[in-house]
Each structure stands twice: as C-alpha cells, then as structure tokens.
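Have a look at final.pdb below; it lists PDB, C-alpha atoms and all ligand atoms.
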ATOM      1  CA  MET O1422     -14.603  -0.532 -18.958
ATOM      2  CA  ILE O1423     -16.358  -3.365 -17.160
ATOM      3  CA  ILE O1424     -17.634  -2.860 -13.602
ATOM      4  CA  ALA O1425     -17.915  -6.216 -11.816
ATOM      5  CA  THR O1426     -19.289  -6.672  -8.320
ATOM      6  CA  THR O1427     -19.180 -10.461  -7.996
ATOM      7  CA  THR O1428     -16.404 -13.047  -8.055
ATOM      8  CA  GLU O1429     -18.321 -14.961 -10.704
ATOM      9  CA  GLU O1430     -18.345 -11.995 -13.120
ATOM     10  CA  VAL O1431     -14.606 -11.405 -12.689
ATOM     11  CA  ARG O1432     -13.877 -15.106 -13.249
ATOM     12  CA  HIS O1433     -15.928 -14.986 -16.461
ATOM     13  CA  TYR O1434     -13.728 -12.244 -18.001
ATOM     14  CA  VAL O1435     -10.485 -13.685 -16.620
ATOM     15  CA  ARG O1436     -11.321 -17.042 -18.231
ATOM     16  CA  GLU O1437     -12.106 -15.397 -21.557
ATOM     17  CA  TRP O1438      -8.917 -13.317 -21.534
ATOM     18  CA  LYS O1439      -6.727 -16.273 -20.527
ATOM     19  CA  GLU O1440      -8.247 -18.420 -23.275
ATOM     20  CA  ASN O1441      -7.163 -15.733 -25.742
ATOM     21  CA  GLY O1442      -3.626 -15.776 -24.351
ATOM     22  CA  LEU O1443      -3.876 -12.264 -22.860
ATOM     23  CA  THR O1444      -1.831 -11.203 -19.830
ATOM     24  CA  ILE O1445      -3.477  -9.636 -16.782
ATOM     25  CA  GLY O1446      -2.073  -6.870 -14.574
ATOM     26  CA  PHE O1447      -3.753  -6.364 -11.197
ATOM     27  CA  VAL O1448      -3.839  -3.273  -8.951
ATOM     28  CA  PRO O1449      -5.500  -3.785  -5.547
ATOM     29  CA  THR O1450      -6.705  -0.565  -3.869
ATOM     30  CA  MET O1451      -9.082   0.714  -1.207
ATOM     31  CA  GLY O1452     -10.377   3.431  -3.538
ATOM     32  CA  TYR O1453     -10.463   7.209  -3.138
ATOM     33  CA  LEU O1454      -7.868   7.048  -5.870
ATOM     34  CA  HIS O1455      -5.088   9.591  -6.398
ATOM     35  CA  GLU O1456      -2.064   9.978  -8.631
ATOM     36  CA  GLY O1457      -0.176   7.283  -6.658
ATOM     37  CA  HIS O1458      -2.823   4.713  -7.580
ATOM     38  CA  ALA O1459      -2.983   6.092 -11.130
ATOM     39  CA  SER O1460       0.756   5.513 -11.571
ATOM     40  CA  LEU O1461       0.293   1.849 -10.580
ATOM     41  CA  ILE O1462      -2.553   1.497 -13.083
ATOM     42  CA  ARG O1463      -0.476   3.080 -15.872
ATOM     43  CA  ASN O1464       2.423   0.699 -15.133
ATOM     44  CA  ALA O1465       0.009  -2.223 -15.293
ATOM     45  CA  ALA O1466      -1.452  -0.952 -18.579
ATOM     46  CA  GLU O1467       2.007  -0.657 -20.132
ATOM     47  CA  GLU O1468       3.082  -4.145 -19.166
ATOM     48  CA  ASN O1469      -0.104  -6.222 -19.619
ATOM     49  CA  ASP O1470      -2.893  -6.752 -22.163
ATOM     50  CA  LYS O1471      -5.653  -6.320 -19.570
ATOM     51  CA  VAL O1472      -5.769  -4.366 -16.309
ATOM     52  CA  ILE O1473      -7.990  -5.209 -13.353
ATOM     53  CA  VAL O1474      -8.289  -2.745 -10.435
ATOM     54  CA  SER O1475     -10.013  -3.813  -7.227
ATOM     55  CA  ILE O1476     -11.648  -1.174  -5.049
ATOM     56  CA  TYR O1477     -12.429  -2.618  -1.657
ATOM     57  CA  VAL O1478     -12.152  -1.107   1.808
ATOM     58  CA  ASN O1479     -11.167  -4.360   3.469
ATOM     59  CA  PRO O1480     -12.657  -4.463   6.995
ATOM     60  CA  MET O1481     -10.300  -7.260   8.044
ATOM     61  CA  GLN O1482      -7.219  -5.027   7.896
ATOM     62  CA  PHE O1483      -8.678  -2.335  10.202
ATOM     63  CA  GLY O1484      -8.369  -2.499  13.990
ATOM     64  CA  PRO O1485     -11.466  -1.922  16.190
ATOM     65  CA  SER O1486     -10.532   1.714  16.932
ATOM     66  CA  GLU O1487      -9.366   2.548  13.405
ATOM     67  CA  ASP O1488     -10.988   4.546  10.599
ATOM     68  CA  LEU O1489     -12.971   1.858   8.713
ATOM     69  CA  ASP O1490     -16.256   3.780   8.855
ATOM     70  CA  SER O1491     -14.804   7.175   8.030
ATOM     71  CA  TYR O1492     -12.399   5.945   5.318
ATOM     72  CA  PRO O1493     -12.969   8.304   2.327
ATOM     73  CA  ARG O1494     -14.981   6.940  -0.588
ATOM     74  CA  ASP O1495     -15.803   8.368  -4.040
ATOM     75  CA  PRO O1496     -16.692   5.533  -6.424
ATOM     76  CA  GLU O1497     -17.681   7.764  -9.349
ATOM     77  CA  ARG O1498     -14.423   9.702  -9.341
ATOM     78  CA  ASP O1499     -12.536   6.402  -8.917
ATOM     79  CA  GLN O1500     -14.191   5.047 -12.067
ATOM     80  CA  THR O1501     -13.075   8.087 -14.080
ATOM     81  CA  ILE O1502      -9.486   7.752 -12.831
ATOM     82  CA  CYS O1503      -9.462   4.024 -13.605
ATOM     83  CA  GLU O1504     -10.819   4.550 -17.102
ATOM     84  CA  ARG O1505      -8.429   7.416 -17.960
ATOM     85  CA  ASN O1506      -5.399   5.403 -16.909
ATOM     86  CA  GLY O1507      -6.100   2.216 -18.851
ATOM     87  CA  THR O1508      -8.259  -0.058 -16.660
ATOM     88  CA  HIS O1509     -10.334  -2.746 -18.400
ATOM     89  CA  LEU O1510     -12.223  -4.049 -15.380
ATOM     90  CA  ILE O1511     -12.966  -2.669 -11.912
ATOM     91  CA  PHE O1512     -13.800  -5.232  -9.244
ATOM     92  CA  PHE O1513     -16.063  -3.454  -6.740
ATOM     93  CA  PRO O1514     -17.150  -6.238  -4.374
ATOM     94  CA  LYS O1515     -19.512  -5.737  -1.450
ATOM     95  CA  VAL O1516     -18.143  -6.748   1.977
ATOM     96  CA  LYS O1517     -20.328  -9.887   2.033
ATOM     97  CA  GLU O1518     -19.053 -10.968  -1.407
ATOM     98  CA  LEU O1519     -15.579 -11.599  -0.002
ATOM     99  CA  TYR O1520     -16.518 -12.497   3.581
ATOM    100  CA  PRO O1521     -19.839 -14.338   3.575
ATOM    101  CA  SER O1522     -21.126 -15.475   6.941
ATOM    102  CA  GLY O1523     -19.118 -18.406   8.235
ATOM    103  CA  PHE O1524     -15.864 -17.217   6.635
ATOM    104  CA  SER O1525     -13.022 -18.574   8.800
ATOM    105  CA  SER O1526      -9.780 -18.891   6.802
ATOM    106  CA  PHE O1527      -6.854 -16.520   7.232
ATOM    107  CA  VAL O1528      -3.374 -16.019   5.814
ATOM    108  CA  GLU O1529      -0.540 -14.985   8.140
ATOM    109  CA  VAL O1530       3.034 -14.242   7.125
ATOM    110  CA  ASP O1531       5.397 -14.434  10.100
ATOM    111  CA  GLY O1532       8.583 -12.395   9.957
ATOM    112  CA  PRO O1533       8.073  -9.298   7.809
ATOM    113  CA  SER O1534       4.618  -8.730   9.352
ATOM    114  CA  ASP O1535       6.251  -8.169  12.758
ATOM    115  CA  GLY O1536       7.584  -4.739  13.709
ATOM    116  CA  LEU O1537       6.726  -1.333  12.222
ATOM    117  CA  CYS O1538       2.996  -1.228  11.351
ATOM    118  CA  GLY O1539       2.651  -4.873  12.462
ATOM    119  CA  SER O1540       3.412  -3.827  16.067
ATOM    120  CA  THR O1541       1.107  -0.831  16.209
ATOM    121  CA  ARG O1542      -1.673  -2.314  14.028
ATOM    122  CA  PRO O1543      -2.079  -5.907  15.296
ATOM    123  CA  GLY O1544      -3.861  -8.113  12.746
ATOM    124  CA  HIS O1545      -3.411  -5.574   9.946
ATOM    125  CA  PHE O1546      -1.197  -7.735   7.717
ATOM    126  CA  ARG O1547      -3.275 -10.826   8.388
ATOM    127  CA  GLY O1548      -6.205  -8.881   6.918
ATOM    128  CA  VAL O1549      -4.128  -7.654   3.981
ATOM    129  CA  CYS O1550      -2.723 -11.122   3.187
ATOM    130  CA  THR O1551      -6.121 -12.804   3.450
ATOM    131  CA  VAL O1552      -7.797 -10.395   1.046
ATOM    132  CA  ILE O1553      -4.860 -10.342  -1.402
ATOM    133  CA  THR O1554      -4.850 -14.153  -1.439
ATOM    134  CA  LYS O1555      -8.533 -14.096  -2.347
ATOM    135  CA  PHE O1556      -7.921 -11.494  -5.064
ATOM    136  CA  PHE O1557      -4.981 -13.470  -6.499
ATOM    137  CA  ASN O1558      -7.170 -16.579  -6.688
ATOM    138  CA  ILE O1559     -10.028 -14.714  -8.366
ATOM    139  CA  VAL O1560      -8.025 -12.471 -10.731
ATOM    140  CA  GLN O1561      -5.113 -14.860 -11.442
ATOM    141  CA  PRO O1562      -2.876 -11.977 -12.491
ATOM    142  CA  ASP O1563       0.443 -12.363 -14.295
ATOM    143  CA  ASN O1564       1.681  -9.195 -12.600
ATOM    144  CA  ALA O1565       0.425  -7.385  -9.471
ATOM    145  CA  TYR O1566       1.363  -3.781  -8.700
ATOM    146  CA  PHE O1567       2.021  -2.397  -5.209
ATOM    147  CA  GLY O1568       3.349   1.007  -4.104
ATOM    148  CA  LYS O1569       6.630   1.359  -2.233
ATOM    149  CA  LYS O1570       4.757   3.882  -0.075
ATOM    150  CA  ASP O1571       3.584   0.790   1.865
ATOM    151  CA  ALA O1572       7.058  -0.739   1.968
ATOM    152  CA  GLN O1573       6.305  -3.275   4.705
ATOM    153  CA  GLN O1574       3.177  -4.412   2.871
ATOM    154  CA  LEU O1575       5.290  -4.939  -0.256
ATOM    155  CA  ALA O1576       7.795  -7.065   1.728
ATOM    156  CA  VAL O1577       4.958  -9.111   3.281
ATOM    157  CA  ILE O1578       3.261  -9.702  -0.085
ATOM    158  CA  ARG O1579       6.542 -10.715  -1.737
ATOM    159  CA  LYS O1580       7.196 -13.239   1.061
ATOM    160  CA  MET O1581       3.639 -14.597   0.926
ATOM    161  CA  THR O1582       3.820 -14.979  -2.850
ATOM    162  CA  LYS O1583       7.084 -16.909  -2.591
ATOM    163  CA  ASP O1584       6.115 -19.041   0.421
ATOM    164  CA  LEU O1585       2.695 -20.006  -0.963
ATOM    165  CA  CYS O1586       3.828 -20.441  -4.604
ATOM    166  CA  PHE O1587       1.478 -17.918  -6.157
ATOM    167  CA  GLN O1588       2.239 -17.655  -9.866
ATOM    168  CA  VAL O1589       2.290 -13.894  -9.912
ATOM    169  CA  ASN O1590       5.100 -11.415 -10.406
ATOM    170  CA  ILE O1591       5.039  -8.682  -7.728
ATOM    171  CA  VAL O1592       5.996  -5.252  -9.047
ATOM    172  CA  GLY O1593       6.970  -2.475  -6.595
ATOM    173  CA  CYS O1594       6.279   1.062  -7.879
ATOM    174  CA  PRO O1595       7.876   4.370  -6.749
ATOM    175  CA  ILE O1596       6.246   6.669  -4.164
ATOM    176  CA  VAL O1597       4.315   9.542  -5.768
ATOM    177  CA  ARG O1598       4.523  12.833  -3.831
ATOM    178  CA  GLU O1599       2.940  16.269  -3.849
ATOM    179  CA  PRO O1600       5.288  18.967  -5.211
ATOM    180  CA  ASP O1601       6.206  19.942  -1.621
ATOM    181  CA  GLY O1602       7.201  16.369  -0.706
ATOM    182  CA  LEU O1603       4.123  14.978   1.088
ATOM    183  CA  ALA O1604       3.510  11.381  -0.033
ATOM    184  CA  LEU O1605       0.080  11.031  -1.624
ATOM    185  CA  SER O1606      -2.382   9.099   0.526
ATOM    186  CA  SER O1607      -6.160   8.756   0.626
ATOM    187  CA  ARG O1608      -5.865   9.654   4.326
ATOM    188  CA  ASN O1609      -4.433  13.121   3.479
ATOM    189  CA  LYS O1610      -8.110  14.008   3.005
ATOM    190  CA  TYR O1611      -8.484  14.008   6.805
ATOM    191  CA  LEU O1612      -5.954  16.846   7.221
ATOM    192  CA  ASN O1613      -7.169  20.416   7.756
ATOM    193  CA  PRO O1614      -4.984  23.187   6.227
ATOM    194  CA  THR O1615      -2.848  23.553   9.384
ATOM    195  CA  GLU O1616      -2.354  19.789   9.640
ATOM    196  CA  ARG O1617      -1.572  19.576   5.924
ATOM    197  CA  LYS O1618       1.379  21.952   6.497
ATOM    198  CA  ALA O1619       2.425  20.055   9.627
ATOM    199  CA  ALA O1620       2.401  16.751   7.678
ATOM    200  CA  LEU O1621       5.476  17.911   5.783
ATOM    201  CA  CYS O1622       7.498  16.950   8.862
ATOM    202  CA  LEU O1623       7.469  13.295   7.677
ATOM    203  CA  SER O1624       9.277  13.925   4.383
ATOM    204  CA  LYS O1625      11.474  16.605   5.979
ATOM    205  CA  GLY O1626      12.516  14.214   8.749
ATOM    206  CA  LEU O1627      13.248  11.462   6.230
ATOM    207  CA  ASN O1628      15.254  13.871   4.068
ATOM    208  CA  GLU O1629      17.306  14.755   7.135
ATOM    209  CA  GLY O1630      18.003  11.036   7.717
ATOM    210  CA  LEU O1631      18.951  10.487   4.084
ATOM    211  CA  ARG O1632      21.304  13.476   4.191
ATOM    212  CA  LEU O1633      23.118  11.999   7.221
ATOM    213  CA  ILE O1634      23.483   8.610   5.503
ATOM    214  CA  GLU O1635      24.806  10.264   2.360
ATOM    215  CA  ASN O1636      27.300  12.147   4.530
ATOM    216  CA  GLY O1637      28.626   8.826   5.835
ATOM    217  CA  VAL O1638      26.738   8.282   9.121
ATOM    218  CA  ARG O1639      26.243   4.504   9.539
ATOM    219  CA  LYS O1640      24.769   4.114  13.040
ATOM    220  CA  ALA O1641      21.010   3.586  12.729
ATOM    221  CA  GLU O1642      20.449   5.045  16.233
ATOM    222  CA  ILE O1643      21.934   8.379  15.159
ATOM    223  CA  ILE O1644      19.790   8.482  12.006
ATOM    224  CA  LYS O1645      16.624   7.546  13.932
ATOM    225  CA  SER O1646      17.234  10.158  16.659
ATOM    226  CA  ALA O1647      17.827  12.885  14.082
ATOM    227  CA  ILE O1648      14.604  12.019  12.220
ATOM    228  CA  HIS O1649      12.670  11.810  15.492
ATOM    229  CA  ALA O1650      13.971  15.217  16.589
ATOM    230  CA  ARG O1651      13.157  16.810  13.234
ATOM    231  CA  ILE O1652       9.595  15.434  13.261
ATOM    232  CA  GLU O1653       9.006  16.502  16.862
ATOM    233  CA  GLN O1654       9.885  20.091  16.018
ATOM    234  CA  GLU O1655       6.348  20.052  14.632
ATOM    235  CA  PRO O1656       3.938  20.603  17.574
ATOM    236  CA  LEU O1657       1.025  18.765  15.887
ATOM    237  CA  ALA O1658       3.106  15.622  15.278
ATOM    238  CA  ARG O1659       3.288  12.531  17.500
ATOM    239  CA  VAL O1660       5.736   9.849  16.407
ATOM    240  CA  ASP O1661       4.398   6.287  16.266
ATOM    241  CA  TYR O1662       7.715   4.846  15.060
ATOM    242  CA  VAL O1663      10.954   5.728  13.301
ATOM    243  CA  GLU O1664      12.845   2.588  12.243
ATOM    244  CA  VAL O1665      15.739   1.459  10.072
ATOM    245  CA  VAL O1666      15.206  -2.106   8.843
ATOM    246  CA  ASP O1667      16.178  -4.642   6.209
ATOM    247  CA  PRO O1668      13.744  -3.986   3.296
ATOM    248  CA  ASP O1669      13.203  -7.726   2.631
ATOM    249  CA  ASN O1670      12.619  -9.226   6.087
ATOM    250  CA  ILE O1671      11.888  -5.986   8.044
ATOM    251  CA  ASN O1672      14.438  -6.933  10.752
ATOM    252  CA  SER O1673      15.921  -3.992  12.679
ATOM    253  CA  ILE O1674      19.355  -2.854  11.575
ATOM    254  CA  GLY O1675      22.037  -1.387  13.872
ATOM    255  CA  ASN O1676      24.761  -0.550  11.391
ATOM    256  CA  ILE O1677      23.879   0.585   7.895
ATOM    257  CA  GLU O1678      25.459  -1.565   5.202
ATOM    258  CA  GLY O1679      23.829  -2.869   2.025
ATOM    259  CA  ALA O1680      20.179  -1.986   1.431
ATOM    260  CA  ILE O1681      18.040  -0.347   4.111
ATOM    261  CA  LEU O1682      14.472   0.807   4.523
ATOM    262  CA  CYS O1683      13.981   3.836   6.752
ATOM    263  CA  ALA O1684      10.298   4.062   7.673
ATOM    264  CA  VAL O1685       8.197   6.386   9.813
ATOM    265  CA  ALA O1686       4.619   6.473  11.080
ATOM    266  CA  VAL O1687       3.417   9.734  12.600
ATOM    267  CA  TYR O1688       0.125  11.025  13.950
ATOM    268  CA  ILE O1689      -0.761  14.503  12.727
ATOM    269  CA  GLY O1690      -3.677  15.303  15.014
ATOM    270  CA  ASN O1691      -5.814  12.147  14.744
ATOM    271  CA  THR O1692      -4.502  11.116  11.326
ATOM    272  CA  ARG O1693      -1.819   8.448  11.143
ATOM    273  CA  LEU O1694       0.492   8.867   8.139
ATOM    274  CA  ILE O1695       3.381   6.693   6.924
ATOM    275  CA  ASP O1696       6.354   7.428   4.683
ATOM    276  CA  ASN O1697       9.786   5.972   3.967
ATOM    277  CA  PHE O1698      12.863   5.860   1.800
ATOM    278  CA  THR O1699      15.080   3.004   0.726
ATOM    279  CA  TRP O1700      18.816   3.417   0.302
ATOM    280  CA  GLU O1701      21.587   1.188  -0.917
ATOM    281  CA  GLU O1702      25.354   1.712  -0.905
ATOM    282  CA  ALA O1703      26.380   2.659  -4.459
TER     283      ALA O1703
HETATM  284  P1  LIG Q   1      -4.488   1.872  -0.731
HETATM  285  O1  LIG Q   1      -5.657   2.262  -1.565
HETATM  286  O2  LIG Q   1      -4.018   2.938   0.203
HETATM  287  O3  LIG Q   1      -4.639   0.516  -0.093
HETATM  288  O4  LIG Q   1      -3.269   1.711  -1.751
HETATM  289  C1  LIG Q   1      -3.355   0.861  -2.867
HETATM  290  C2  LIG Q   1      -1.997   0.760  -3.503
HETATM  291  O5  LIG Q   1      -1.557   2.054  -3.908
HETATM  292  C3  LIG Q   1      -0.939   0.205  -2.534
HETATM  293  O6  LIG Q   1      -0.091  -0.703  -3.225
HETATM  294  C4  LIG Q   1      -0.196   1.449  -2.124
HETATM  295  O7  LIG Q   1       1.145   1.211  -1.760
HETATM  296  C5  LIG Q   1      -0.252   2.273  -3.397
HETATM  297  N1  LIG Q   1      -0.048   3.686  -3.093
HETATM  298  C6  LIG Q   1      -0.720   4.439  -2.191
HETATM  299  N2  LIG Q   1      -0.197   5.678  -2.129
HETATM  300  C7  LIG Q   1       0.837   5.710  -3.004
HETATM  301  C8  LIG Q   1       1.788   6.699  -3.401
HETATM  302  N3  LIG Q   1       1.785   7.908  -2.871
HETATM  303  N4  LIG Q   1       2.702   6.369  -4.332
HETATM  304  C9  LIG Q   1       2.734   5.124  -4.879
HETATM  305  N5  LIG Q   1       1.863   4.144  -4.547
HETATM  306  C10 LIG Q   1       0.937   4.432  -3.627
END

Write the structure described by the file as structure tokens, please.
Amino acid sequence: MIIATTTEEVRHYVREWKENGLTIGFVPTMGYLHEGHASLIRNAAEENDKVIVSIYVNPMQFGPSEDLDSYPRDPERDQTICERNGTHLIFFPKVKELYPSGFSSFVEVDGPSDGLCGSTRPGHFRGVCTVITKFFNIVQPDNAYFGKKDAQQLAVIRKMTKDLCFQVNIVGCPIVREPDGLALSSRNKYLNPTERKAALCLSKGLNEGLRLIENGVRKAEIIKSAIHARIEQEPLARVDYVEVVDPDNINSIGNIEGAILCAVAVYIGNTRLIDNFTWEEA
C-alpha cells in the first residue's frame, strides 16, 4: 500500500493507473476509521481496480467553536484498516498541502446545503464541497463512495457533481450500526459509558418514527413530534433538529408521499451526533 502526502505523488500513481486502463474508486474520510469507513473501502475494492482513501481532517468544514482540535486521530490504526480492506493508496495530506497561504477559491452548492446541518453548521458544506472538489481533481476517480449516514452530504455532493460536470459516479453506501443500533461514528469516541447508553435515543427515536410511517401516518409533524418526544425522554439528550425532507433537494416535507429522508441531530452532553433513515412507499 502506498502512503502519499503530496498532490504530486498522488497524481503520479493516478496517471500510471489511468495509462494502464485501470479504474479508480475513491473514499474520502477524516480518519479514525471504523467499520462504516471499512464498508465503503470494501465496496470500492469490489467495484474498481485501484482504491484511494484520503485521510484529512478538513479545517474548512469546522466552525470556530467546533471540535477541529480534539477530533480523534489514529493514523497507524487507520493504515491497518485501509490495508486489510483493499486500499492501494492512502492520501494523507498536511493542512498546508491543500490550503497553501493565499488559497481563496470555494465551492458552494445552494439548495441542498440549506436546512438540517447547513442551518446549525454555517459554512460546513462549503468546506466539504471545496475539499471534495480538490480531491476529485487530484484523484480523478471513476467512482466515489459516501455513507448514507451523512445523508445531506450525499445529496450535496450528488448535486455538485451534476452541476459542475464532474466525471465521477457517486455511490451511496448503507449506514453501519453497532449491534444495539447506534450508528458508527468517529465522534462516538467522545461518549463516556453513560452517554454511550444515552446515545441510543437517536436510533430509538428514528425507529419510533419509522414505525408510525409503516402504520400509515403521513403527516410529517406527527412523525417529528413523536421522534422529538422519544429522544427527549433521555435526560442527557438535547435535540438540535428532527426533520422530514426530500432526500434529493433536502426541502421540508409536510405530507409523506414518495421518498423521504427523516434526519436527526442530537447533542449527548457536548457531543453532537447525527442519524437518519430513508423510506419510500412500496
Ligand atoms: P468521516 O470520516 O466522518 O468524514 O466519514 C467519511 C465517510 O464515511 C463519509 O462518506 C461518511 O458518510 C461515511 N460514514 C461514516 N460513518 C458511517 C457509518 N456508520 N456507516 C456508513 N458510512 C459511514
């Protein structure tokens, strides 16, 4: 497995692989990898000749009072996970490699970036889209793999790819969960044992919402209130949002018909966690 830290090195291998007619699958991550990331890497390895994983805690997508400095890091363990799951090259750039002094170009995707995490994390998707644009230009992947755990991010990236004519196929991969239902996240590391138990209120609340929809409830307000109430039964939880939206454009939905995304963001103590489900009338 190749470890590259500069754009130039990555371009060297990409050129060589393309010249040999090989396809490239790309998995962008912020590291501290878990089974959710590993599942993306395995999908990429199954569907492409070469797999590139980027590990980069992108400062541009963090707000001033967010957890950039404390974000968990374990590069050695990440390398092992990458290697075991079929990675050919890890791109481990330093901050300055992607944002040298004087950097002043940004990518913004209006529409799906508004609402949900876009409202409570201003500038977050601008940071995501700018760094993913850079990665797409450096890696030139045939396929890029994103988790449905970050459903709004997936919608934003799909829109950006279409609007800006990137020649890359965006693949959305299922949410990987702990056996008890908690969605895997690098940020779960912040939770102490009591908070870890409390964090189950996200998946329990969402399950409650899904049960109502499957029983025929179609008013989004009723679903949202039920999820809210279920989450707030947990004393350590503070709801950031509970929303029912269109999964493509992230517009709010009043009456459930066709496909929906039901998404939540919840603080457990100081840790902000997100989770969601998508549902479509059979
Ligand atoms: P991150 O390192 O948190 O930026 O995540 C990198 C990629 O892994 C993103 O596309 C995430 O959606 C995806 N991912 C994170 N957690 C999970 C999970 N539990 N299941 C599936 N994909 C995930």

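Proximity to segment 1695-1701 of chain O at 7 Å, evaluated using all atoms listed in the file and with sequence-adjacent residues fewer than 6 positions away removed, yields Lys1570, Ala1604, Leu1623, Leu1627, Gly1679, Ala1680, Ile1681, Leu1682, Cys1683, Ala1684, Val1685, Ala1686 and Val1687 of chain O.
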
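Around the point (6.5, 0.0, -9.0), within 8 Å and counting only C-alpha atoms, we find these residues: Leu1461, Asn1464, Tyr1566, Phe1567, Gly1568, Lys1569, Val1592, Gly1593, Cys1594 and Pro1595 of chain O.
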
Hey, can you spit out that residue selection with C-alpha atoms as a PDB file, keeping the file's coordinate frame?
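Result went into part27.pdb, see below:
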ATOM      1  CA  LEU O1461       0.293   1.849 -10.580  1.00  0.00           C
ATOM      2  CA  ASN O1464       2.423   0.699 -15.133  1.00  0.00           C
ATOM      3  CA  TYR O1566       1.363  -3.781  -8.700  1.00  0.00           C
ATOM      4  CA  PHE O1567       2.021  -2.397  -5.209  1.00  0.00           C
ATOM      5  CA  GLY O1568       3.349   1.007  -4.104  1.00  0.00           C
ATOM      6  CA  LYS O1569       6.630   1.359  -2.233  1.00  0.00           C
ATOM      7  CA  VAL O1592       5.996  -5.252  -9.047  1.00  0.00           C
ATOM      8  CA  GLY O1593       6.970  -2.475  -6.595  1.00  0.00           C
ATOM      9  CA  CYS O1594       6.279   1.062  -7.879  1.00  0.00           C
ATOM     10  CA  PRO O1595       7.876   4.370  -6.749  1.00  0.00           C
TER      11      PRO O1595
END

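You can rank O:Leu1694, O:Leu1575, O:Ile1559, O:Ala1459 by their closest distance to His1433 of chain O using all atoms listed in the file, and at the top of that list sits O:Ile1559.
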
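Atom pair atom CA of Val1472 of chain O / atom N4 of ligand LIG 1 (chain Q): separated by 18.2 Å.
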
Open item on the list: Report as a PyMOL selection string all protein, DNA and RNA residues lying within 10 Å of Val1528 of chain O, evaluated on only C-alpha atoms, omitting residues in the same chain fewer than 6 positions from it.
Closed with: chain O and resi 1546-1555+1581+1585

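For the residues O:Gly1690, O:Pro1533, O:Pro1600, O:Gly1442, ranking by smallest atom-to-atom distance to ligand LIG 1 (chain Q) using all atoms listed in the file places O:Pro1600 first.
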
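What separates atom CA of Ile1511 of chain O from atom CA of Ile1424 of chain O is a distance of 5.0 Å.
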
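When all atoms listed in the file are used to measure the gap to Val1577 of chain O, the shortest distance among O:Ile1596, O:Leu1657, O:Ile1671, O:Cys1503 belongs to O:Ile1671.
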
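Using all atoms listed in the file, the contacts of Ser1673 of chain O at a cut-off of 9 Å, with sequence neighbours closer than 6 positions omitted, comprise Gly1536, Glu1664, Val1665, Val1666 and Asp1667 of chain O.
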
Under the PyMOL selection byres (((chain O and resi 1618) around 12) and not hetatm), which residues of this model are included? Write them out as an mmCIF file with C-alpha atoms, in the frame of the given file.
data_model
loop_
_atom_site.group_PDB
_atom_site.id
_atom_site.type_symbol
_atom_site.label_atom_id
_atom_site.label_comp_id
_atom_site.auth_asym_id
_atom_site.auth_seq_id
_atom_site.Cartn_x
_atom_site.Cartn_y
_atom_site.Cartn_z
ATOM 1 C CA GLU O 1599 2.940 16.269 -3.849
ATOM 2 C CA ASP O 1601 6.206 19.942 -1.621
ATOM 3 C CA GLY O 1602 7.201 16.369 -0.706
ATOM 4 C CA LEU O 1603 4.123 14.978 1.088
ATOM 5 C CA ASN O 1609 -4.433 13.121 3.479
ATOM 6 C CA LEU O 1612 -5.954 16.846 7.221
ATOM 7 C CA ASN O 1613 -7.169 20.416 7.756
ATOM 8 C CA PRO O 1614 -4.984 23.187 6.227
ATOM 9 C CA THR O 1615 -2.848 23.553 9.384
ATOM 10 C CA GLU O 1616 -2.354 19.789 9.640
ATOM 11 C CA ARG O 1617 -1.572 19.576 5.924
ATOM 12 C CA ALA O 1619 2.425 20.055 9.627
ATOM 13 C CA ALA O 1620 2.401 16.751 7.678
ATOM 14 C CA LEU O 1621 5.476 17.911 5.783
ATOM 15 C CA CYS O 1622 7.498 16.950 8.862
ATOM 16 C CA LEU O 1623 7.469 13.295 7.677
ATOM 17 C CA SER O 1624 9.277 13.925 4.383
ATOM 18 C CA LYS O 1625 11.474 16.605 5.979
ATOM 19 C CA GLU O 1655 6.348 20.052 14.632
ATOM 20 C CA PRO O 1656 3.938 20.603 17.574
ATOM 21 C CA LEU O 1657 1.025 18.765 15.887
ATOM 22 C CA ALA O 1658 3.106 15.622 15.278
ATOM 23 C CA ILE O 1689 -0.761 14.503 12.727
ATOM 24 C CA GLY O 1690 -3.677 15.303 15.014
#

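Atom CA of Gln1482 of chain O lies 11.4 Å from atom P1 of ligand LIG 1 (chain Q).
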
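Listed by chain and then by number, the residues chosen by the PyMOL selection byres (((chain O and resi 1542) around 12) and not hetatm) in this file are Met1481, Gln1482, Phe1483, Gly1484, Pro1485, Ser1486, Glu1487, Ser1534, Asp1535, Gly1536, Leu1537, Cys1538, Gly1539, Ser1540, Thr1541, Pro1543, Gly1544, His1545, Phe1546, Arg1547, Gly1548, Val1549, Asp1661, Tyr1662, Ala1686 and Arg1693 of chain O.
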
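Distances here use all atoms listed in the file; by that measure, the residue among O:Ser1607, O:Asn1670, O:Thr1692, O:Asn1628 closest to Ala1572 of chain O is O:Asn1670.
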
Task: From O:His1455, O:Ser1460, O:Ser1522, O:Ile1473, residue lying nearest Arg1494 of chain O [all atoms listed in the file] - done: O:His1455

Task: Target residues per the PyMOL selection byres (((chain O and resi 1452) around 12) and not hetatm), formatted as a VMD selection string - done: chain O and resid 1448 to 1451 1453 to 1459 1474 to 1479 1492 to 1503 1511 to 1514 1606 to 1608

Task: O:Asp1571, O:Glu1504, O:Glu1653, O:Asp1584 ranked by distance to ligand LIG 1 (chain Q), top pick (using only C-alpha atoms and all ligand atoms) - done: O:Asp1571

How big is the axis-aligned box, and where does its centre sit, when it encloses all atoms of ligand LIG 1 (chain Q) listed in the file and has 8 Å added on every side, reported in Å to one decimal as JSON?
{"center_x": -1.5, "center_y": 3.6, "center_z": -2.3, "size_x": 24.4, "size_y": 24.6, "size_z": 21.1}
